[in-house]
file query.cif (mmCIF, C-alpha atoms)
data_model
#
loop_
_atom_site.group_PDB
_atom_site.id
_atom_site.type_symbol
_atom_site.label_atom_id
_atom_site.label_comp_id
_atom_site.auth_asym_id
_atom_site.auth_seq_id
_atom_site.Cartn_x
_atom_site.Cartn_y
_atom_site.Cartn_z
ATOM 1 C CA ARG A 1 -43.151 10.000 -99.211
ATOM 2 C CA SER A 2 -39.869 8.891 -97.634
ATOM 3 C CA THR A 3 -38.317 10.339 -94.489
ATOM 4 C CA VAL A 4 -35.593 12.784 -95.512
ATOM 5 C CA THR A 5 -33.745 15.687 -93.940
ATOM 6 C CA PRO A 6 -35.283 19.158 -94.414
ATOM 7 C CA GLY A 7 -34.273 20.756 -97.696
ATOM 8 C CA THR A 8 -33.963 17.461 -99.629
ATOM 9 C CA LEU A 9 -36.918 18.084 -101.945
ATOM 10 C CA LYS A 10 -36.026 21.676 -102.728
ATOM 11 C CA ASN A 11 -32.247 21.387 -102.929
ATOM 12 C CA ILE A 12 -31.675 17.852 -104.261
ATOM 13 C CA VAL A 13 -34.793 16.306 -105.811
ATOM 14 C CA LEU A 14 -35.998 19.407 -107.680
ATOM 15 C CA PRO A 15 -32.703 20.146 -109.511
ATOM 16 C CA ILE A 16 -32.423 16.476 -110.525
ATOM 17 C CA LEU A 17 -35.989 16.409 -111.907
ATOM 18 C CA GLN A 18 -35.480 19.632 -113.830
ATOM 19 C CA LYS A 19 -32.215 18.364 -115.305
ATOM 20 C CA LEU A 20 -33.579 14.944 -116.311
ATOM 21 C CA THR A 21 -36.876 16.220 -117.750
ATOM 22 C CA GLY A 22 -35.541 19.392 -119.309
ATOM 23 C CA ASN A 23 -38.554 21.180 -117.899
ATOM 24 C CA LYS A 24 -38.890 23.903 -115.308
ATOM 25 C CA PHE A 25 -40.828 23.334 -112.131
ATOM 26 C CA GLY A 26 -44.366 24.692 -112.275
ATOM 27 C CA LYS A 27 -44.802 24.343 -116.013
ATOM 28 C CA LYS A 28 -44.707 20.635 -116.764
ATOM 29 C CA PHE A 29 -44.664 19.180 -113.288
ATOM 30 C CA GLY A 30 -45.293 19.954 -109.637
ATOM 31 C CA ILE A 31 -43.568 18.634 -106.559
ATOM 32 C CA ALA A 32 -44.539 18.130 -102.933
ATOM 33 C CA SER A 33 -43.423 16.475 -99.738
ATOM 34 C CA ASN A 34 -46.129 14.080 -98.573
ATOM 35 C CA PRO A 35 -44.607 11.998 -95.748
ATOM 36 C CA GLU A 36 -46.192 8.701 -94.850
ATOM 37 C CA PHE A 37 -46.924 7.697 -91.256
ATOM 38 C CA LEU A 38 -47.274 3.979 -91.801
ATOM 39 C CA ARG A 39 -46.049 1.166 -89.581
ATOM 40 C CA GLU A 40 -44.985 -2.226 -90.839
ATOM 41 C CA THR A 41 -47.756 -4.852 -90.318
ATOM 42 C CA THR A 42 -50.457 -2.125 -89.974
ATOM 43 C CA ALA A 43 -49.716 0.002 -93.063
ATOM 44 C CA ILE A 44 -53.129 -0.328 -94.759
ATOM 45 C CA SER A 45 -55.041 0.510 -91.592
ATOM 46 C CA ASP A 46 -52.705 3.428 -90.862
ATOM 47 C CA PHE A 47 -53.209 4.791 -94.393
ATOM 48 C CA LEU A 48 -56.996 4.596 -94.228
ATOM 49 C CA ASN A 49 -57.192 5.998 -90.683
ATOM 50 C CA PRO A 50 -54.485 8.680 -90.436
ATOM 51 C CA GLN A 51 -54.057 11.030 -87.497
ATOM 52 C CA TYR A 52 -53.543 13.670 -90.175
ATOM 53 C CA THR A 53 -52.331 14.058 -93.751
ATOM 54 C CA ILE A 54 -49.331 16.312 -94.346
ATOM 55 C CA ILE A 55 -48.912 18.103 -97.667
ATOM 56 C CA GLY A 56 -45.859 20.226 -98.304
ATOM 57 C CA GLY A 57 -46.145 21.555 -101.857
ATOM 58 C CA LEU A 58 -43.399 23.669 -103.342
ATOM 59 C CA ASP A 59 -46.216 25.792 -104.757
ATOM 60 C CA SER A 60 -49.956 26.105 -104.141
ATOM 61 C CA LYS A 61 -50.851 24.126 -107.280
ATOM 62 C CA SER A 62 -48.851 21.118 -106.062
ATOM 63 C CA SER A 63 -50.506 21.306 -102.643
ATOM 64 C CA ASP A 64 -53.979 21.710 -104.137
ATOM 65 C CA THR A 65 -53.500 18.698 -106.412
ATOM 66 C CA LEU A 66 -52.563 16.462 -103.491
ATOM 67 C CA SER A 67 -55.397 17.863 -101.377
ATOM 68 C CA ILE A 68 -57.894 16.771 -104.040
ATOM 69 C CA LEU A 69 -56.230 13.353 -104.235
ATOM 70 C CA TYR A 70 -56.694 12.846 -100.486
ATOM 71 C CA SER A 71 -60.115 14.510 -100.241
ATOM 72 C CA GLU A 72 -61.884 11.252 -99.315
ATOM 73 C CA LEU A 73 -59.352 10.320 -96.665
ATOM 74 C CA LYS A 74 -60.298 10.653 -92.985
ATOM 75 C CA GLY A 75 -58.697 13.104 -90.592
ATOM 76 C CA PRO A 76 -57.402 16.685 -90.877
ATOM 77 C CA LYS A 77 -55.115 17.818 -93.681
ATOM 78 C CA HIS A 78 -52.298 20.286 -93.010
ATOM 79 C CA ILE A 79 -50.689 22.364 -95.756
ATOM 80 C CA LEU A 80 -47.062 23.146 -94.881
ATOM 81 C CA THR A 81 -43.924 24.227 -96.683
ATOM 82 C CA THR A 82 -41.756 21.416 -98.052
ATOM 83 C CA ASP A 83 -39.151 22.019 -95.352
ATOM 84 C CA GLU A 84 -41.765 21.978 -92.583
ATOM 85 C CA SER A 85 -43.252 18.762 -93.957
ATOM 86 C CA GLU A 86 -39.855 17.045 -94.073
ATOM 87 C CA MET A 87 -38.977 18.305 -90.588
ATOM 88 C CA LEU A 88 -42.267 17.086 -89.141
ATOM 89 C CA LYS A 89 -41.738 13.526 -90.348
ATOM 90 C CA LEU A 90 -38.121 13.420 -89.209
ATOM 91 C CA SER A 91 -39.097 14.894 -85.816
ATOM 92 C CA SER A 92 -41.839 12.293 -85.394
ATOM 93 C CA ASN A 93 -39.480 9.383 -85.934
ATOM 94 C CA ALA A 94 -36.825 10.921 -83.697
ATOM 95 C CA PHE A 95 -39.395 11.400 -80.931
ATOM 96 C CA HIS A 96 -40.597 7.816 -81.233
ATOM 97 C CA ALA A 97 -37.014 6.634 -80.841
ATOM 98 C CA LEU A 98 -36.564 8.992 -77.891
ATOM 99 C CA LYS A 99 -39.665 7.558 -76.185
ATOM 100 C CA VAL A 100 -38.341 4.005 -76.527
ATOM 101 C CA GLY A 101 -34.950 5.047 -75.209
ATOM 102 C CA PHE A 102 -36.489 6.947 -72.285
ATOM 103 C CA ALA A 103 -38.647 3.992 -71.243
ATOM 104 C CA ASN A 104 -35.670 1.638 -71.443
ATOM 105 C CA GLU A 105 -33.493 3.939 -69.343
ATOM 106 C CA ILE A 106 -36.213 4.050 -66.687
ATOM 107 C CA ASP A 107 -36.295 0.259 -66.895
ATOM 108 C CA ARG A 108 -32.542 -0.126 -66.303
ATOM 109 C CA TYR A 109 -32.631 2.360 -63.436
ATOM 110 C CA SER A 110 -35.699 0.681 -61.893
ATOM 111 C CA GLU A 111 -34.277 -2.833 -62.250
ATOM 112 C CA LYS A 112 -31.185 -1.889 -60.268
ATOM 113 C CA LEU A 113 -33.392 -0.586 -57.450
ATOM 114 C CA GLY A 114 -35.792 -3.522 -57.509
ATOM 115 C CA VAL A 115 -38.656 -1.437 -58.887
ATOM 116 C CA TYR A 116 -41.123 -2.930 -61.395
ATOM 117 C CA SER A 117 -40.723 -0.529 -64.333
ATOM 118 C CA HIS A 118 -43.734 -1.819 -66.286
ATOM 119 C CA LYS A 119 -46.099 -0.798 -63.493
ATOM 120 C CA VAL A 120 -44.361 2.574 -63.201
ATOM 121 C CA MET A 121 -44.691 3.306 -66.941
ATOM 122 C CA GLU A 122 -48.264 1.948 -67.047
ATOM 123 C CA ILE A 123 -49.353 4.568 -64.517
ATOM 124 C CA PHE A 124 -46.997 7.169 -66.037
ATOM 125 C CA THR A 125 -48.872 7.001 -69.358
ATOM 126 C CA GLU A 126 -52.260 7.492 -67.662
ATOM 127 C CA ASP A 127 -51.379 11.145 -67.111
ATOM 128 C CA LYS A 128 -52.766 12.772 -70.253
ATOM 129 C CA LYS A 129 -52.417 16.288 -68.834
ATOM 130 C CA LEU A 130 -48.627 16.474 -68.598
ATOM 131 C CA ASN A 131 -46.940 13.179 -69.504
ATOM 132 C CA ILE A 132 -48.747 12.084 -72.674
ATOM 133 C CA SER A 133 -49.981 15.398 -74.041
ATOM 134 C CA LYS A 134 -48.989 18.608 -75.822
ATOM 135 C CA SER A 135 -47.539 19.948 -72.567
ATOM 136 C CA TYR A 136 -43.831 20.849 -72.725
ATOM 137 C CA LEU A 137 -43.666 20.141 -76.467
ATOM 138 C CA LYS A 138 -43.678 23.737 -77.665
ATOM 139 C CA PRO A 139 -40.255 25.109 -78.628
ATOM 140 C CA GLY A 140 -39.220 28.033 -76.459
ATOM 141 C CA PHE A 141 -36.672 28.906 -73.815
ATOM 142 C CA ALA A 142 -34.919 26.473 -71.480
ATOM 143 C CA PHE A 143 -36.497 24.783 -68.443
ATOM 144 C CA GLY A 144 -35.608 25.685 -64.869
ATOM 145 C CA GLY A 145 -37.088 25.959 -61.395
ATOM 146 C CA SER A 146 -36.551 24.077 -58.179
ATOM 147 C CA CYS A 147 -37.799 20.694 -59.455
ATOM 148 C CA LEU A 148 -36.745 19.615 -62.940
ATOM 149 C CA PRO A 149 -32.991 20.402 -62.765
ATOM 150 C CA LYS A 150 -32.692 19.065 -59.207
ATOM 151 C CA ASP A 151 -34.604 15.869 -59.905
ATOM 152 C CA LEU A 152 -32.663 15.131 -63.079
ATOM 153 C CA GLN A 153 -29.393 15.651 -61.207
ATOM 154 C CA SER A 154 -30.578 13.397 -58.377
ATOM 155 C CA LEU A 155 -31.576 10.627 -60.786
ATOM 156 C CA THR A 156 -28.409 10.736 -62.871
ATOM 157 C CA VAL A 157 -26.074 10.983 -59.869
ATOM 158 C CA GLN A 158 -27.664 7.929 -58.227
ATOM 159 C CA SER A 159 -27.613 5.997 -61.505
ATOM 160 C CA LYS A 160 -23.866 6.598 -61.824
ATOM 161 C CA GLN A 161 -23.365 5.410 -58.247
ATOM 162 C CA LEU A 162 -25.252 2.246 -59.201
ATOM 163 C CA GLY A 163 -23.082 1.796 -62.289
ATOM 164 C CA ILE A 164 -25.901 2.446 -64.777
ATOM 165 C CA GLY A 165 -25.422 4.528 -67.897
ATOM 166 C CA LEU A 166 -28.422 6.710 -68.768
ATOM 167 C CA PRO A 167 -27.139 8.873 -71.651
ATOM 168 C CA ILE A 168 -30.529 10.250 -72.685
ATOM 169 C CA LEU A 169 -31.386 11.525 -69.227
ATOM 170 C CA GLU A 170 -27.811 12.631 -68.538
ATOM 171 C CA GLY A 171 -27.814 14.555 -71.799
ATOM 172 C CA THR A 172 -31.017 16.433 -70.981
ATOM 173 C CA LEU A 173 -29.320 18.915 -68.643
ATOM 174 C CA THR A 174 -26.453 19.319 -71.110
ATOM 175 C CA SER A 175 -28.953 20.058 -73.886
ATOM 176 C CA ASN A 176 -30.765 22.562 -71.663
ATOM 177 C CA ASN A 177 -27.526 24.402 -70.911
ATOM 178 C CA LEU A 178 -26.665 24.462 -74.610
ATOM 179 C CA HIS A 179 -30.047 26.070 -75.294
ATOM 180 C CA ILE A 180 -29.197 28.902 -72.888
ATOM 181 C CA GLU A 181 -25.766 29.304 -74.494
ATOM 182 C CA HIS A 182 -27.412 29.396 -77.917
ATOM 183 C CA ALA A 183 -29.717 32.190 -76.717
ATOM 184 C CA ALA A 184 -26.758 34.143 -75.302
ATOM 185 C CA SER A 185 -24.819 33.815 -78.567
ATOM 186 C CA LYS A 186 -27.839 34.992 -80.555
ATOM 187 C CA ILE A 187 -28.275 38.036 -78.319
ATOM 188 C CA LEU A 188 -24.582 38.969 -78.339
ATOM 189 C CA SER A 189 -24.399 38.650 -82.127
ATOM 190 C CA TYR A 190 -26.213 42.008 -82.257
ATOM 191 C CA LYS A 191 -23.432 43.591 -80.157
ATOM 192 C CA PRO A 192 -25.953 45.393 -77.913
ATOM 193 C CA LYS A 193 -24.873 48.251 -75.695
ATOM 194 C CA SER A 194 -27.659 47.496 -73.221
ATOM 195 C CA ILE A 195 -29.896 44.450 -72.745
ATOM 196 C CA GLY A 196 -33.359 44.206 -71.224
ATOM 197 C CA ILE A 197 -34.686 40.869 -69.989
ATOM 198 C CA LEU A 198 -38.462 40.422 -69.967
ATOM 199 C CA GLY A 199 -39.147 37.725 -67.379
ATOM 200 C CA LEU A 200 -36.808 36.702 -64.559
ATOM 201 C CA GLY A 201 -38.758 33.904 -62.849
ATOM 202 C CA PHE A 202 -38.427 30.346 -64.116
ATOM 203 C CA LYS A 203 -41.972 30.557 -65.504
ATOM 204 C CA PRO A 204 -44.802 33.123 -65.808
ATOM 205 C CA ASN A 205 -46.886 34.032 -62.735
ATOM 206 C CA SER A 206 -44.200 32.846 -60.310
ATOM 207 C CA ASP A 207 -41.583 34.715 -58.296
ATOM 208 C CA ASP A 208 -39.405 31.594 -58.023
ATOM 209 C CA VAL A 209 -36.008 32.364 -59.568
ATOM 210 C CA ARG A 210 -34.188 29.226 -58.406
ATOM 211 C CA GLU A 211 -32.390 27.691 -61.411
ATOM 212 C CA SER A 212 -34.284 30.116 -63.636
ATOM 213 C CA PRO A 213 -32.942 30.029 -67.198
ATOM 214 C CA SER A 214 -33.184 33.840 -67.275
ATOM 215 C CA VAL A 215 -30.797 34.048 -64.323
ATOM 216 C CA HIS A 216 -28.347 31.718 -66.076
ATOM 217 C CA LEU A 217 -28.740 33.757 -69.262
ATOM 218 C CA ILE A 218 -27.878 37.015 -67.497
ATOM 219 C CA ARG A 219 -24.753 35.388 -66.023
ATOM 220 C CA LYS A 220 -23.647 34.332 -69.513
ATOM 221 C CA LEU A 221 -24.305 37.804 -70.933
ATOM 222 C CA LYS A 222 -22.630 39.884 -68.217
ATOM 223 C CA PRO A 223 -18.987 39.268 -69.270
ATOM 224 C CA ASN A 224 -19.836 40.861 -72.637
ATOM 225 C CA CYS A 225 -22.450 43.423 -71.622
ATOM 226 C CA THR A 226 -22.529 44.900 -68.135
ATOM 227 C CA ASN A 227 -25.535 47.149 -68.810
ATOM 228 C CA ILE A 228 -28.377 44.668 -68.220
ATOM 229 C CA SER A 229 -31.843 45.355 -66.806
ATOM 230 C CA PHE A 230 -34.928 43.206 -66.252
ATOM 231 C CA TYR A 231 -38.655 43.512 -65.758
ATOM 232 C CA ASP A 232 -40.917 40.812 -64.331
ATOM 233 C CA PRO A 233 -44.338 41.743 -62.890
ATOM 234 C CA ASP A 234 -44.049 38.861 -60.403
ATOM 235 C CA ILE A 235 -40.633 39.818 -59.036
ATOM 236 C CA ASN A 236 -40.111 42.389 -56.288
ATOM 237 C CA ILE A 237 -36.582 42.239 -54.917
ATOM 238 C CA LYS A 238 -37.566 44.313 -51.859
ATOM 239 C CA THR A 239 -40.165 41.789 -50.694
ATOM 240 C CA MET A 240 -38.363 38.608 -51.741
ATOM 241 C CA LEU A 241 -37.399 36.312 -48.854
ATOM 242 C CA GLY A 242 -35.590 33.115 -47.900
ATOM 243 C CA SER A 243 -33.785 30.745 -50.245
ATOM 244 C CA ASN A 244 -35.259 32.508 -53.271
ATOM 245 C CA LEU A 245 -33.515 35.795 -52.425
ATOM 246 C CA GLU A 246 -30.390 33.982 -51.255
ATOM 247 C CA TYR A 247 -30.110 32.142 -54.565
ATOM 248 C CA LEU A 248 -30.651 35.290 -56.634
ATOM 249 C CA ASN A 249 -28.032 37.302 -54.716
ATOM 250 C CA SER A 250 -25.521 34.457 -54.994
ATOM 251 C CA GLN A 251 -25.965 34.287 -58.771
ATOM 252 C CA ILE A 252 -26.284 38.011 -59.565
ATOM 253 C CA PRO A 253 -25.000 40.117 -56.618
ATOM 254 C CA ASP A 254 -25.988 43.436 -58.253
ATOM 255 C CA ILE A 255 -29.496 42.283 -59.202
ATOM 256 C CA SER A 256 -31.282 44.957 -57.128
ATOM 257 C CA GLY A 257 -29.867 47.671 -59.368
ATOM 258 C CA MET A 258 -31.104 45.934 -62.525
ATOM 259 C CA ALA A 259 -34.849 45.995 -61.799
ATOM 260 C CA CYS A 260 -37.199 48.158 -63.905
ATOM 261 C CA ASN A 261 -40.590 49.433 -62.824
ATOM 262 C CA ASP A 262 -42.453 48.424 -65.996
ATOM 263 C CA ILE A 263 -42.041 47.614 -69.681
ATOM 264 C CA ASP A 264 -41.752 51.292 -70.632
ATOM 265 C CA ASP A 265 -38.889 51.720 -68.165
ATOM 266 C CA LEU A 266 -37.116 48.710 -69.680
ATOM 267 C CA ILE A 267 -37.585 50.038 -73.226
ATOM 268 C CA GLN A 268 -36.142 53.405 -72.275
ATOM 269 C CA LYS A 269 -33.029 51.887 -70.714
ATOM 270 C CA CYS A 270 -32.206 49.140 -73.237
ATOM 271 C CA SER A 271 -31.265 48.891 -76.906
ATOM 272 C CA LEU A 272 -32.164 45.188 -77.139
ATOM 273 C CA ILE A 273 -35.070 43.429 -75.421
ATOM 274 C CA VAL A 274 -35.127 39.672 -74.749
ATOM 275 C CA ILE A 275 -38.487 37.938 -74.221
ATOM 276 C CA THR A 276 -38.011 34.843 -72.031
ATOM 277 C CA GLN A 277 -41.597 34.099 -70.960
ATOM 278 C CA LEU A 278 -44.773 33.341 -72.885
ATOM 279 C CA ARG A 279 -47.200 35.848 -71.400
ATOM 280 C CA GLY A 280 -49.687 38.086 -73.179
ATOM 281 C CA GLU A 281 -48.724 41.338 -71.483
ATOM 282 C CA PHE A 282 -45.230 41.091 -72.943
ATOM 283 C CA SER A 283 -46.655 41.297 -76.464
ATOM 284 C CA LYS A 284 -47.022 45.050 -75.876
ATOM 285 C CA ILE A 285 -43.318 45.313 -76.605
ATOM 286 C CA TYR A 286 -43.965 44.838 -80.323
ATOM 287 C CA THR A 287 -46.064 48.005 -80.567
ATOM 288 C CA LYS A 288 -44.104 50.081 -78.071
ATOM 289 C CA LEU A 289 -40.505 49.422 -79.114
ATOM 290 C CA PRO A 290 -38.924 52.046 -81.426
ATOM 291 C CA LYS A 291 -37.753 50.694 -84.788
ATOM 292 C CA GLU A 292 -34.075 51.245 -84.001
ATOM 293 C CA LYS A 293 -34.270 48.849 -81.058
ATOM 294 C CA ILE A 294 -34.081 45.054 -81.317
ATOM 295 C CA ILE A 295 -36.315 42.263 -79.989
ATOM 296 C CA VAL A 296 -34.989 38.740 -79.423
ATOM 297 C CA ASP A 297 -38.059 36.582 -78.826
ATOM 298 C CA LEU A 298 -36.968 33.281 -77.265
ATOM 299 C CA VAL A 299 -40.518 31.952 -76.843
ATOM 300 C CA LYS A 300 -42.145 32.903 -80.180
ATOM 301 C CA LEU A 301 -44.604 35.219 -78.448
ATOM 302 C CA LYS A 302 -45.365 36.769 -81.827
ATOM 303 C CA LYS A 303 -46.075 34.167 -84.492
ATOM 304 C CA ASP A 304 -44.432 34.668 -87.888
#
call {"tool": "encode", "arguments": {"input": "query.cif", "output": "structure tokens"}}
result
Amino acid sequence: RSTVTPGTLKNIVLPILQKLTGNKFGKKFGIASNPEFLRETTAISDFLNPQYTIIGGLDSKSSDTLSILYSELKGPKHILTTDESEMLKLSSNAFHALKVGFANEIDRYSEKLGVYSHKVMEIFTEDKKLNISKSYLKPGFAFGGSCLPKDLQSLTVQSKQLGIGLPILEGTLTSNNLHIEHAASKILSYKPKSIGILGLGFKPNSDDVRESPSVHLIRKLKPNCTNISFYDPDINIKTMLGSNLEYLNSQIPDISGMACNDIDDLIQKCSLIVITQLRGEFSKIYTKLPKEKIIVDLVKLKKD
């Protein structure tokens, strides 16, 4: 029931139980992660009215036993692995702490500028489409575009000028850059002779490449692999204009020679394909790619 790091039940608790009881798991006892989501002062109400019940049995019998135990309880029940169950609870608490820290950083920043932060956050939380929602909470590739990086930089630069430390917000860009570096390291670990990038814009259905994570990724890959191509149905270098084209040429001067006509063209030219955007048409790669070629899916387009 307690909040523990992933792997605790399987790697620590289970061996101890087997040693102390002299019995093997599955014969005399079962084991499951069943994290509680209870707050002090409202624990009974939280237990009786859960958002969901999480059951992470080490085997199906353990999960089934707990499912029967909670059969009269309200709300959905999710059967996960023990590691997933432990990770979910730890992630929930970390996110709650992050929310408090975020609100307090906005408060310190607002106070210095004479802005009433409580009114700002009151209206902020009314947005259930983007702010308080599932939006942006799906693991994938890094963020980019002409807004988020620029606005974060603007906020953190001004806060430093005002003498305010905002480590959570300052760390967001650092974390984003680390995510791109992590992707580059993963790709290069395969020692590919040629790399194909599926998706160049900062998001699907857009030809905006300004601060696109795919552009930054290509720049990180090029010192180790010069044979890189890309395909993006929304990008046409020949018709691109203005600051968009200027930015792309400044970041990747030889970009015009890297463009492919379609997915088949990219497959033919590259030994490793990187999926950077969550778009249905890119799922074709899983049926078209020969077995000897590699896919690095940064957005979990194909669920395990």
call {"tool": "residues_around", "arguments": {"input": "query.cif", "residues": "stretch 161-168 of chain A", "least_positions_apart": "5", "cutoff": "8 Å", "atoms": "all atoms listed in the file", "output": "list in words"}}
result
Gly101, Phe102, Glu105, Arg108, Tyr109, Lys112 and Thr156 of chain A
call {"tool": "resolve_selection", "arguments": {"input": "query.cif", "expression": "the PyMOL selection byres ((chain A and resi 88-100) around 7)", "output": "list of chain:residue names"}}
result
A:Thr3, A:Val4, A:Thr5, A:Pro35, A:Glu84, A:Ser85, A:Glu86, A:Met87, A:Gly101, A:Phe102, A:Ala103, A:Asn104
call {"tool": "atom_distance", "arguments": {"input": "query.cif", "atom1": "atom CA of A:Leu198", "atom2": "atom CA of A:Ile273"}}
result
7.1 Å
call {"tool": "residues_around", "arguments": {"input": "query.cif", "residues": "stretch 43-57 of chain A", "least_positions_apart": "5", "cutoff": "10 Å", "atoms": "only C-alpha atoms", "output": "JSON, numbers by chain"}}
result
{"A": [9, 30, 31, 32, 33, 34, 35, 36, 37, 38, 62, 63, 64, 65, 66, 67, 70, 72, 73, 74, 75, 76, 77, 78, 79, 80, 81, 82, 83, 84, 85, 86, 88, 89]}
call {"tool": "resolve_selection", "arguments": {"input": "query.cif", "expression": "the PyMOL selection byres ((chain A and resi 131-140) around 9)", "output": "list in words"}}
result
Phe124, Thr125, Glu126, Asp127, Lys128, Lys129, Leu130, Phe141, Ala142, Thr276, Gln277, Leu278, Asp297, Leu298, Val299 and Lys300 of chain A
call {"tool": "residues_near_point", "arguments": {"input": "query.cif", "point": "(-40.7, 32.8, -67.8)", "cutoff": "8 Å", "atoms": "only C-alpha atoms", "output": "PyMOL selection string"}}
result
chain A and resi 199-204+214+276-278
call {"tool": "closest_residue", "arguments": {"input": "query.cif", "among": "A:Asn224, A:Asn205, A:Ser212, A:Ser194", "to": "A:Cys270", "atoms": "all atoms listed in the file"}}
result
A:Ser194
call {"tool": "atom_distance", "arguments": {"input": "query.cif", "atom1": "atom CA of A:Pro149", "atom2": "atom CA of A:Leu173"}}
result
7.1 Å
call {"tool": "resolve_selection", "arguments": {"input": "query.cif", "expression": "the PyMOL selection byres ((chain A and resi 288) around 12)", "output": "list in words"}}
result
Ile263, Asp264, Asp265, Leu266, Ile267, Gln268, Ile273, Glu281, Phe282, Ser283, Lys284, Ile285, Tyr286, Thr287, Leu289, Pro290, Lys291, Glu292, Lys293, Ile294 and Ile295 of chain A
call {"tool": "residues_near_point", "arguments": {"input": "query.cif", "point": "(-28.3, 30.0, -70.5)", "cutoff": "9 Å", "atoms": "all atoms listed in the file", "output": "list in words"}}
result
Ala142, Asn176, Asn177, Leu178, His179, Ile180, Glu181, His182, Ala183, Ala184, Pro213, Ser214, Val215, His216, Leu217, Ile218, Arg219, Lys220 and Leu221 of chain A
call {"tool": "atom_distance", "arguments": {"input": "query.cif", "atom1": "atom CA of A:Ser229", "atom2": "atom CA of A:Ile252"}}
result
11.7 Å
call {"tool": "closest_residue", "arguments": {"input": "query.cif", "among": "A:Asp208, A:Asn11, A:Leu272, A:Leu148", "to": "A:Ser189", "atoms": "all atoms listed in the file"}}
result
A:Leu272
call {"tool": "closest_residue", "arguments": {"input": "query.cif", "among": "A:Asp207, A:Val13, A:Gly196, A:Cys225", "to": "A:Thr239", "atoms": "all atoms listed in the file"}}
result
A:Asp207
call {"tool": "residues_around", "arguments": {"input": "query.cif", "residues": "A:Cys147", "least_positions_apart": "2", "cutoff": "12 Å", "atoms": "only C-alpha atoms", "output": "PyMOL selection string"}}
result
chain A and resi 143-145+149-155+202+208-212
